[in-house]
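Source file: final_34.tsv. Holds: TSV, C-alpha atoms.
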chain	number	residue	atom	x	y	z
L	1	MET	CA	-7.86	9.22	3.24
L	2	GLN	CA	-4.91	7.60	4.99
L	3	ALA	CA	-5.77	6.15	8.37
L	4	GLN	CA	-4.28	7.50	11.60
L	5	GLN	CA	-1.12	5.62	12.52
L	6	ALA	CA	-1.51	2.86	15.07
L	7	PRO	CA	1.30	1.48	17.27
L	8	LEU	CA	3.38	-1.07	15.40
L	9	GLN	CA	2.93	-4.61	16.58
L	10	ARG	CA	5.75	-7.13	16.58
L	11	TRP	CA	6.55	-8.47	13.12
L	12	SER	CA	5.00	-11.85	12.43
L	13	ALA	CA	6.77	-14.07	9.92
L	14	PRO	CA	4.69	-15.22	6.93
L	15	PRO	CA	3.74	-18.93	7.11
L	16	ALA	CA	6.17	-19.84	4.31
L	17	VAL	CA	9.09	-18.25	6.18
L	18	THR	CA	8.07	-19.91	9.45
L	19	ALA	CA	7.90	-23.25	7.65
L	20	SER	CA	11.31	-22.62	6.11
L	21	ILE	CA	12.85	-21.96	9.53
L	22	GLY	CA	11.28	-25.15	10.85
L	23	LEU	CA	12.56	-27.12	7.87
L	24	HIS	CA	16.10	-25.90	8.45
L	25	ALA	CA	15.91	-26.93	12.11
L	26	LEU	CA	14.48	-30.33	11.17
L	27	ALA	CA	17.14	-30.90	8.51
L	28	ALA	CA	19.93	-29.99	10.92
L	29	GLY	CA	18.55	-32.29	13.59
L	30	THR	CA	18.10	-35.12	11.11
L	31	ALA	CA	21.67	-34.77	9.85
L	32	ILE	CA	23.00	-34.94	13.42
L	33	VAL	CA	20.90	-37.91	14.52
L	34	MET	CA	21.06	-39.76	11.19
L	35	PRO	CA	24.28	-38.85	9.36
L	36	GLU	CA	23.36	-41.18	6.52
L	37	ALA	CA	20.41	-38.86	5.74
L	38	PHE	CA	22.64	-35.78	5.36
L	39	TRP	CA	22.25	-35.52	1.59
L	40	TRP	CA	18.49	-35.94	1.80
L	41	ALA	CA	18.33	-33.14	4.37
L	42	LEU	CA	20.55	-30.95	2.22
L	43	GLY	CA	18.36	-31.61	-0.80
L	44	GLY	CA	15.27	-30.60	1.16
L	45	ILE	CA	16.88	-27.33	2.15
L	46	GLY	CA	17.91	-26.74	-1.45
L	47	LEU	CA	14.34	-27.23	-2.68
L	48	ASN	CA	13.11	-24.89	0.05
L	49	HIS	CA	15.53	-22.17	-1.03
L	50	LEU	CA	14.48	-22.68	-4.63
L	51	GLY	CA	10.84	-22.16	-3.66
L	52	LEU	CA	11.59	-18.99	-1.69
L	53	THR	CA	13.66	-17.65	-4.58
L	54	ALA	CA	10.83	-18.31	-7.01
L	55	ALA	CA	8.45	-16.43	-4.71
L	56	GLY	CA	10.83	-13.47	-4.64
L	57	LEU	CA	11.04	-13.46	-8.44
L	58	TRP	CA	7.23	-13.34	-8.76
L	59	PRO	CA	6.40	-9.66	-8.10
L	60	ARG	CA	2.74	-10.30	-7.29
L	61	SER	CA	3.40	-13.15	-4.86
L	62	ARG	CA	2.24	-12.95	-1.24
L	63	VAL	CA	4.33	-15.90	-0.09
L	64	LEU	CA	7.01	-13.66	1.46
L	65	GLY	CA	4.59	-11.23	3.09
L	66	PRO	CA	1.61	-8.92	2.46
L	67	ASN	CA	1.51	-7.46	-1.04
L	68	TRP	CA	-1.09	-5.13	-2.52
L	69	THR	CA	-1.78	-6.23	-6.10
L	70	ARG	CA	-5.11	-4.41	-6.29
L	71	LEU	CA	-6.76	-1.54	-4.46
L	72	PRO	CA	-8.96	-2.26	-1.45
L	73	ASP	CA	-12.53	-3.32	-2.12
L	74	ALA	CA	-13.86	0.06	-1.01
L	75	ALA	CA	-11.88	1.81	-3.76
L	76	ALA	CA	-13.05	-0.71	-6.34
L	77	ARG	CA	-16.66	-0.10	-5.34
L	78	ARG	CA	-16.05	3.59	-5.98
L	79	ARG	CA	-14.91	2.66	-9.52
L	80	GLN	CA	-11.37	3.84	-8.76
L	81	PHE	CA	-8.05	2.70	-10.15
L	82	ALA	CA	-4.48	3.79	-9.37
L	83	LEU	CA	-2.02	4.95	-11.99
L	84	THR	CA	1.53	4.46	-10.72
L	85	LEU	CA	4.74	5.69	-12.35
L	86	ASP	CA	8.13	4.25	-11.44
L	87	ASP	CA	11.82	5.14	-11.60
L	88	GLY	CA	11.56	8.94	-11.67
L	89	PRO	CA	11.76	11.76	-11.34
L	90	ASP	CA	13.17	12.39	-14.80
L	91	PRO	CA	13.84	16.05	-15.67
L	92	GLU	CA	12.82	15.51	-19.30
L	93	VAL	CA	9.87	13.13	-19.01
L	94	THR	CA	8.24	13.79	-15.63
L	95	PRO	CA	7.20	17.44	-16.34
L	96	ARG	CA	5.50	16.31	-19.56
L	97	VAL	CA	3.75	13.50	-17.68
L	98	LEU	CA	2.53	16.03	-15.12
L	99	ASP	CA	1.10	18.21	-17.91
L	100	LEU	CA	-0.76	15.23	-19.39
L	101	LEU	CA	-2.17	14.33	-15.99
L	102	ASP	CA	-3.34	17.92	-15.49
L	103	ALA	CA	-5.02	17.90	-18.90
L	104	HIS	CA	-6.99	14.79	-17.93
L	105	ARG	CA	-7.56	15.90	-14.32
L	106	MET	CA	-5.88	12.71	-13.15
L	107	ARG	CA	-4.05	12.15	-9.88
L	108	ALA	CA	-1.28	9.57	-9.86
L	109	THR	CA	1.29	7.96	-7.58
L	110	PHE	CA	5.00	8.36	-8.35
L	111	PHE	CA	7.30	5.67	-6.96
L	112	CYS	CA	10.47	7.75	-6.85
L	113	ILE	CA	14.07	6.63	-6.61
L	114	ALA	CA	15.37	8.74	-3.73
L	115	ALA	CA	18.79	9.38	-5.27
L	116	ARG	CA	17.09	10.78	-8.38
L	117	ALA	CA	14.75	12.80	-6.18
L	118	LEU	CA	17.76	14.36	-4.46
L	119	ALA	CA	19.08	15.41	-7.87
L	120	ALA	CA	15.76	17.10	-8.76
L	121	PRO	CA	14.18	18.31	-5.50
L	122	ALA	CA	12.11	21.06	-7.15
L	123	LEU	CA	10.55	18.51	-9.49
L	124	VAL	CA	9.57	16.26	-6.56
L	125	ARG	CA	7.93	19.21	-4.83
L	126	GLU	CA	6.09	20.04	-8.04
L	127	ILE	CA	4.71	16.49	-8.20
L	128	VAL	CA	3.22	17.00	-4.74
L	129	ALA	CA	2.08	20.56	-5.46
L	130	ARG	CA	0.07	19.31	-8.42
L	131	GLY	CA	-1.83	16.91	-6.15
L	132	HIS	CA	0.04	13.69	-6.76
L	133	ASP	CA	1.50	11.13	-4.39
L	134	VAL	CA	5.18	10.24	-3.87
L	135	GLN	CA	6.12	6.80	-2.57
L	136	ASN	CA	9.30	4.81	-1.92
L	137	HIS	CA	11.05	2.96	-4.76
L	138	SER	CA	14.34	2.48	-2.86
L	139	HIS	CA	17.25	4.87	-2.59
L	140	SER	CA	19.41	3.77	-5.51
L	141	HIS	CA	17.34	1.15	-7.42
L	142	ARG	CA	20.12	-1.44	-7.26
L	143	HIS	CA	19.90	-4.17	-9.87
L	144	HIS	CA	20.86	-6.71	-7.19
L	145	PHE	CA	18.30	-5.40	-4.68
L	146	ALA	CA	16.79	-8.89	-4.24
L	147	LEU	CA	20.21	-10.22	-3.19
L	148	LEU	CA	20.74	-7.72	-0.35
L	149	GLY	CA	20.86	-8.88	3.25
L	150	PRO	CA	18.79	-7.49	6.14
L	151	GLN	CA	21.17	-4.66	7.07
L	152	ALA	CA	21.68	-3.49	3.47
L	153	LEU	CA	17.92	-3.54	2.87
L	154	ALA	CA	17.33	-1.58	6.07
L	155	ARG	CA	19.85	1.08	5.02
L	156	GLU	CA	18.42	1.32	1.49
L	157	LEU	CA	14.84	1.81	2.66
L	158	ALA	CA	15.69	4.09	5.59
L	159	ARG	CA	17.71	6.45	3.40
L	160	ALA	CA	14.89	6.64	0.86
L	161	GLN	CA	12.28	7.23	3.56
L	162	GLN	CA	14.27	10.11	5.00
L	163	VAL	CA	14.99	11.75	1.64
L	164	LEU	CA	11.42	11.53	0.37
L	165	ALA	CA	9.92	12.64	3.69
L	166	ASP	CA	12.23	15.68	3.75
L	167	LEU	CA	11.33	16.64	0.17
L	168	THR	CA	7.57	16.09	0.38
L	169	GLY	CA	6.82	16.76	4.04
L	170	VAL	CA	5.23	13.36	4.61
L	171	PRO	CA	6.90	9.93	4.83
L	172	PRO	CA	5.94	7.33	2.22
L	173	HIS	CA	3.69	4.55	3.42
L	174	CYS	CA	4.05	2.34	0.33
L	175	PHE	CA	7.09	0.65	-1.20
L	176	ARG	CA	7.67	-0.99	-4.56
L	177	ALA	CA	10.75	-3.14	-4.96
L	178	PRO	CA	13.01	-2.49	-7.96
L	179	ALA	CA	11.59	-4.63	-10.78
L	180	GLY	CA	9.28	-6.08	-8.13
L	181	LEU	CA	11.99	-8.53	-7.02
L	182	ARG	CA	12.69	-9.21	-3.35
L	183	ASN	CA	13.75	-11.81	-0.79
L	184	PRO	CA	12.56	-13.07	2.64
L	185	PHE	CA	14.55	-10.36	4.46
L	186	LEU	CA	12.46	-7.50	3.04
L	187	ASP	CA	9.16	-7.88	4.88
L	188	PRO	CA	10.46	-7.25	8.43
L	189	VAL	CA	12.21	-4.10	7.15
L	190	LEU	CA	8.95	-2.91	5.58
L	191	HIS	CA	7.15	-3.64	8.83
L	192	ALA	CA	9.65	-1.57	10.82
L	193	HIS	CA	8.88	1.46	8.61
L	194	ASP	CA	5.11	0.77	8.48
L	195	LEU	CA	5.41	0.37	4.71
L	196	ASN	CA	3.01	-1.54	2.49
L	197	LEU	CA	4.52	-3.58	-0.32
L	198	VAL	CA	2.68	-2.64	-3.52
L	199	SER	CA	3.07	-4.37	-6.86
L	200	TRP	CA	0.48	-4.01	-9.63
L	201	THR	CA	-2.51	-5.51	-11.39
L	202	ARG	CA	-1.27	-4.79	-14.92
L	203	ARG	CA	1.93	-3.57	-16.53
L	204	GLY	CA	2.96	-2.76	-20.10
L	205	PHE	CA	6.73	-3.39	-19.96
L	206	ASP	CA	7.20	0.15	-21.22
L	207	THR	CA	10.87	0.28	-20.27
L	208	VAL	CA	11.82	-2.43	-22.77
L	209	ARG	CA	9.20	-2.01	-25.49
L	210	GLY	CA	9.09	0.86	-27.94
L	211	ASP	CA	5.76	-0.22	-29.44
L	212	ALA	CA	3.29	2.16	-27.78
L	213	PRO	CA	0.11	0.49	-29.19
L	214	ARG	CA	1.27	-2.87	-27.84
L	215	VAL	CA	2.00	-1.40	-24.41
L	216	LEU	CA	-1.40	0.30	-24.40
L	217	ALA	CA	-3.15	-2.93	-25.38
L	218	ARG	CA	-1.58	-4.79	-22.46
L	219	LEU	CA	-2.70	-2.11	-20.01
L	220	THR	CA	-6.26	-1.68	-21.24
L	221	ALA	CA	-7.25	-5.29	-21.93
L	222	GLY	CA	-9.77	-6.08	-19.20
L	223	MET	CA	-8.95	-2.92	-17.26
L	224	ALA	CA	-11.30	-2.69	-14.28
L	225	ALA	CA	-12.05	-0.89	-11.04
L	226	GLY	CA	-9.48	-1.65	-8.38
L	227	ASP	CA	-6.59	-2.03	-10.81
L	228	ILE	CA	-3.11	-0.75	-10.01
L	229	VAL	CA	-1.51	0.21	-13.33
L	230	LEU	CA	2.25	0.44	-13.80
L	231	LEU	CA	4.05	2.80	-16.17
L	232	HIS	CA	7.47	4.49	-16.02
L	233	ASP	CA	8.43	8.14	-16.15
L	234	GLY	CA	12.04	7.14	-15.43
L	235	HIS	CA	14.00	4.71	-17.61
L	236	ALA	CA	11.20	5.10	-20.17
L	237	GLY	CA	11.41	3.09	-23.36
L	238	ARG	CA	11.42	5.05	-26.62
L	239	THR	CA	9.34	4.77	-29.78
L	240	ALA	CA	10.96	4.63	-33.22
L	241	ASP	CA	11.03	8.44	-33.38
L	242	GLY	CA	12.57	8.76	-29.91
L	243	THR	CA	9.42	9.73	-27.98
L	244	PRO	CA	9.18	8.26	-24.47
L	245	VAL	CA	6.60	5.47	-24.65
L	246	VAL	CA	4.77	6.72	-21.56
L	247	LEU	CA	3.95	10.00	-23.32
L	248	GLU	CA	2.40	8.13	-26.26
L	249	VAL	CA	0.46	5.71	-24.07
L	250	LEU	CA	-0.79	7.93	-21.27
L	251	PRO	CA	-3.43	10.05	-23.13
L	252	HIS	CA	-5.03	6.96	-24.66
L	253	LEU	CA	-4.91	5.04	-21.37
L	254	LEU	CA	-6.63	7.85	-19.47
L	255	ALA	CA	-9.24	8.26	-22.19
L	256	HIS	CA	-9.95	4.52	-22.03
L	257	ALA	CA	-10.29	4.64	-18.25
L	258	ALA	CA	-12.76	7.51	-18.53
L	259	SER	CA	-14.78	5.62	-21.14
L	260	CYS	CA	-15.01	2.72	-18.68
L	261	GLY	CA	-16.31	5.00	-15.95
L	262	LEU	CA	-13.11	4.70	-13.90
L	263	GLN	CA	-11.70	7.46	-11.72
L	264	GLY	CA	-8.07	7.81	-10.68
L	265	THR	CA	-6.94	7.83	-7.07
L	266	THR	CA	-3.61	7.84	-5.28
L	267	LEU	CA	-2.26	5.04	-3.15
L	268	ARG	CA	-2.08	7.43	-0.20
L	269	ASP	CA	-5.84	7.96	-0.41
L	270	ALA	CA	-6.76	4.36	-1.20
L	271	ILE	CA	-4.43	2.18	0.88
L	272	PRO	CA	-4.19	2.55	4.67
L	273	LEU	CA	-1.03	2.38	6.72
L	274	ARG	CA	0.32	-1.14	7.08
L	275	SER	CA	-0.35	-0.99	10.82
L	276	SER	CA	-4.02	-0.29	10.07
L	277	ALA	CA	-4.87	-3.01	7.57
L	278	ARG	CA	-3.48	-5.84	5.49
L	279	PRO	CA	-4.23	-6.87	1.88
Translate the structure described by the file into structure tokens.
Amino acid sequence: MQAQQAPLQRWSAPPAVTASIGLHALAAGTAIVMPEAFWWALGGIGLNHLGLTAAGLWPRSRVLGPNWTRLPDAAARRRQFALTLDDGPDPEVTPRVLDLLDAHRMRATFFCIAARALAAPALVREIVARGHDVQNHSHSHRHHFALLGPQALARELARAQQVLADLTGVPPHCFRAPAGLRNPFLDPVLHAHDLNLVSWTRRGFDTVRGDAPRVLARLTAGMAAGDIVLLHDGHAGRTADGTPVVLEVLPHLLAHAASCGLQGTTLRDAIPLRSSARP
């Protein structure tokens, strides 16, 4: 179960961010003392920014801060995995996903877009009533989320926290960035809300692929205890006959997990508050 909340400590910058700040200071000092080295200093800063950008474009990277890519060891020892569903709730797809989860006695975590949750509050409450977990996937799922500055990120996450807490009765303690993309300004905002950044162990790209067997193969190949699996009940890709891919994949995925002796858990049960532990 989720740990009792501890007082938040002061945010500590990841080593890569600390090094970047130091590099900027060194480059500025070098350019002042040695004007002839200005272009070398500028080039060093450019390479630094390129490296930070690459880290932000790698969803499973920990360079920009803590990031859960697998469940804690204790959950893995219990032969647990986490099924996560992004971009909902969707009035057409989510109820059918809930029925499939009920049929397989599976509990899952829904990373909800708060604006979509506001448009379907009864559906969000039904997710919780059926024993599932609701977590923060931003307020509006902006395509340029990774380009937002500190204040815009703070507003986006705070609005989503408030909406989802009001609808479910409990504030999210996990966050997944839209498409997994982020920048160095995100981690202090997550820290302020005691939010864990969570990515995934395996994904099937089910928003862009309509080939359900191929999506299933990507998810099940080497599937193991401790995995965090990503599917989408919102923005779901469609098969050739128009069926949402998640509905084709989910029964076979859950059957495979059962055959491997794996049990589903929610992120709320498996991952403690950020103030309690780090990946």
**Shortest interatomic distance to Leu118 of chain L - which of L:Ala177, L:Leu148, L:Val249, L:Ala165, counting all atoms listed in the file** =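 Of L:Ala177, L:Leu148, L:Val249, L:Ala165, the one nearest Leu118 of chain L, counting all atoms listed in the file, is L:Ala165.
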**Item:** Selection near segment 185-198 of chain L, 8 Å with all atoms listed in the file, sequence-local residues under 2 positions removed, as a PyMOL selection string
**Value:** chain L and resi 8+11+13+64-69+149-150+153-154+157-158+172-177+182-183+200+273-275
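Using only C-alpha atoms, the smallest distance between any of L:Pro121, L:Gly180, L:Gly264, L:Pro89 and His232 of chain L comes from L:Pro89.
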**Request:** For Val134 of chain L, list every protein, DNA or RNA residue within 12 Å, evaluated using only C-alpha atoms, and leave out those in the same chain fewer than 6 positions away; present the list as number ranges by chain.
**Result:** L: 84-89, 107-114, 117, 123-128, 160-161, 163-176, 266-269
**Residue neighbourhood segment 210-219 of chain L, 12 Å, only C-alpha atoms, exclusion window fewer than 3 positions, as a ChimeraX atom specification** = /L:83,200-207,222-224,227-232,236-257
With 3 Å of padding per side, what axis-aligned box (centre and edge lengths, Å, one decimal) covers all the listed atoms of segment 191-195 of chain L? Give it as JSON.
{"center_x": 7.4, "center_y": -1.1, "center_z": 7.8, "size_x": 10.5, "size_y": 11.1, "size_z": 12.1}
**Message:** Which residues are close to Asp90 of chain L, i.e. within 9 Å by only C-alpha atoms, leaving aside same-chain residues fewer than 5 positions away? Reply as a PyMOL selection string.
**Reply:** chain L and resi 95+116-117+120+123+233-235
Select all residues near (15.2, -2.8, -11.3) (cut-off 7 Å, inclusive, file coordinates), counting only C-alpha atoms, and output them as a PDB file with C-alpha atoms, in the frame of the given file.
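Generated file (part_6.pdb):
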ATOM      1  CA  HIS L 141      17.340   1.150  -7.420  1.00  0.00           C
ATOM      2  CA  ARG L 142      20.120  -1.440  -7.260  1.00  0.00           C
ATOM      3  CA  HIS L 143      19.900  -4.170  -9.870  1.00  0.00           C
ATOM      4  CA  PRO L 178      13.010  -2.490  -7.960  1.00  0.00           C
ATOM      5  CA  ALA L 179      11.590  -4.630 -10.780  1.00  0.00           C
TER       6      ALA L 179
END
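Of note, atom CA of Arg209 of chain L and atom CA of Arg70 of chain L are spaced 24.1 Å apart.
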**Request:** Have a look at atom CA of Pro184 of chain L and atom CA of Val63 of chain L and let me know their distance in Å, one decimal.
**Result:**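 Between atom CA of Pro184 of chain L and atom CA of Val63 of chain L the gap works out to 9.1 Å.
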**Item:** Gap from atom CA of His132 of chain L to atom CA of Val93 of chain L - Å, one decimal
**Value:** 15.7 Å
Please supply segment 173-207 of chain L, rebuilt with N, CA and C atoms, as a compact mmCIF listing (two decimals), keeping the file's coordinate frame.
# COMPACT_ATOMS: atom_id res chain seq x y z
N HIS L 173 4.25 5.68 2.68
CA HIS L 173 3.69 4.55 3.42
C HIS L 173 3.55 3.33 2.51
N CYS L 174 4.06 3.45 1.27
CA CYS L 174 4.05 2.34 0.33
C CYS L 174 5.45 2.18 -0.26
N PHE L 175 5.79 0.95 -0.61
CA PHE L 175 7.09 0.65 -1.20
C PHE L 175 6.89 -0.31 -2.37
N ARG L 176 7.63 -0.05 -3.44
CA ARG L 176 7.67 -0.99 -4.56
C ARG L 176 9.12 -1.37 -4.78
N ALA L 177 9.39 -2.66 -4.78
CA ALA L 177 10.75 -3.14 -4.96
C ALA L 177 11.22 -2.91 -6.40
N PRO L 178 12.49 -2.62 -6.59
CA PRO L 178 13.01 -2.49 -7.96
C PRO L 178 12.71 -3.74 -8.77
N ALA L 179 12.04 -3.53 -9.91
CA ALA L 179 11.59 -4.63 -10.78
C ALA L 179 10.62 -5.57 -10.09
N GLY L 180 10.20 -5.22 -8.87
CA GLY L 180 9.28 -6.08 -8.13
C GLY L 180 9.94 -7.27 -7.47
N LEU L 181 11.28 -7.36 -7.52
CA LEU L 181 11.99 -8.53 -7.02
C LEU L 181 12.43 -8.30 -5.58
N ARG L 182 12.39 -9.36 -4.76
CA ARG L 182 12.69 -9.21 -3.35
C ARG L 182 13.12 -10.55 -2.77
N ASN L 183 13.36 -10.57 -1.46
CA ASN L 183 13.75 -11.81 -0.79
C ASN L 183 13.10 -11.86 0.60
N PRO L 184 13.26 -12.96 1.35
CA PRO L 184 12.56 -13.07 2.64
C PRO L 184 12.97 -12.05 3.67
N PHE L 185 14.10 -11.34 3.47
CA PHE L 185 14.55 -10.36 4.46
C PHE L 185 13.81 -9.03 4.35
N LEU L 186 13.06 -8.82 3.27
CA LEU L 186 12.46 -7.50 3.04
C LEU L 186 11.28 -7.22 3.96
N ASP L 187 10.41 -8.18 4.18
CA ASP L 187 9.16 -7.88 4.88
C ASP L 187 9.36 -7.33 6.29
N PRO L 188 10.28 -7.87 7.10
CA PRO L 188 10.46 -7.25 8.43
C PRO L 188 10.98 -5.82 8.35
N VAL L 189 11.75 -5.48 7.32
CA VAL L 189 12.21 -4.10 7.15
C VAL L 189 11.02 -3.20 6.79
N LEU L 190 10.16 -3.67 5.91
CA LEU L 190 8.95 -2.91 5.58
C LEU L 190 8.09 -2.70 6.82
N HIS L 191 7.95 -3.74 7.61
CA HIS L 191 7.15 -3.64 8.83
C HIS L 191 7.71 -2.58 9.78
N ALA L 192 9.02 -2.53 9.90
CA ALA L 192 9.65 -1.57 10.82
C ALA L 192 9.37 -0.13 10.41
N HIS L 193 9.17 0.11 9.11
CA HIS L 193 8.88 1.46 8.61
C HIS L 193 7.38 1.66 8.34
N ASP L 194 6.55 0.69 8.73
CA ASP L 194 5.11 0.77 8.48
C ASP L 194 4.81 0.97 7.00
N LEU L 195 5.55 0.26 6.16
CA LEU L 195 5.41 0.37 4.71
C LEU L 195 4.64 -0.82 4.14
N ASN L 196 3.69 -0.51 3.26
CA ASN L 196 3.01 -1.54 2.49
C ASN L 196 3.84 -1.89 1.27
N LEU L 197 3.97 -3.17 0.97
CA LEU L 197 4.52 -3.58 -0.32
C LEU L 197 3.41 -3.49 -1.35
N VAL L 198 3.67 -2.80 -2.46
CA VAL L 198 2.68 -2.64 -3.52
C VAL L 198 3.29 -3.09 -4.83
N SER L 199 2.63 -4.00 -5.52
CA SER L 199 3.07 -4.37 -6.86
C SER L 199 2.10 -3.76 -7.87
N TRP L 200 1.37 -4.57 -8.61
CA TRP L 200 0.48 -4.01 -9.63
C TRP L 200 -0.51 -5.07 -10.08
N THR L 201 -1.55 -4.60 -10.75
CA THR L 201 -2.51 -5.51 -11.39
C THR L 201 -2.10 -5.75 -12.84
N ARG L 202 -1.66 -4.67 -13.51
CA ARG L 202 -1.27 -4.79 -14.92
C ARG L 202 -0.11 -3.86 -15.22
N ARG L 203 0.76 -4.34 -16.12
CA ARG L 203 1.93 -3.57 -16.53
C ARG L 203 2.11 -3.72 -18.04
N GLY L 204 2.79 -2.74 -18.65
CA GLY L 204 2.96 -2.76 -20.10
C GLY L 204 4.36 -3.02 -20.57
N PHE L 205 5.32 -3.20 -19.62
CA PHE L 205 6.73 -3.39 -19.96
C PHE L 205 7.23 -2.24 -20.83
N ASP L 206 6.88 -1.03 -20.41
CA ASP L 206 7.20 0.15 -21.22
C ASP L 206 8.63 0.61 -21.10
N THR L 207 9.45 -0.05 -20.30
CA THR L 207 10.87 0.28 -20.27
C THR L 207 11.64 -0.48 -21.34
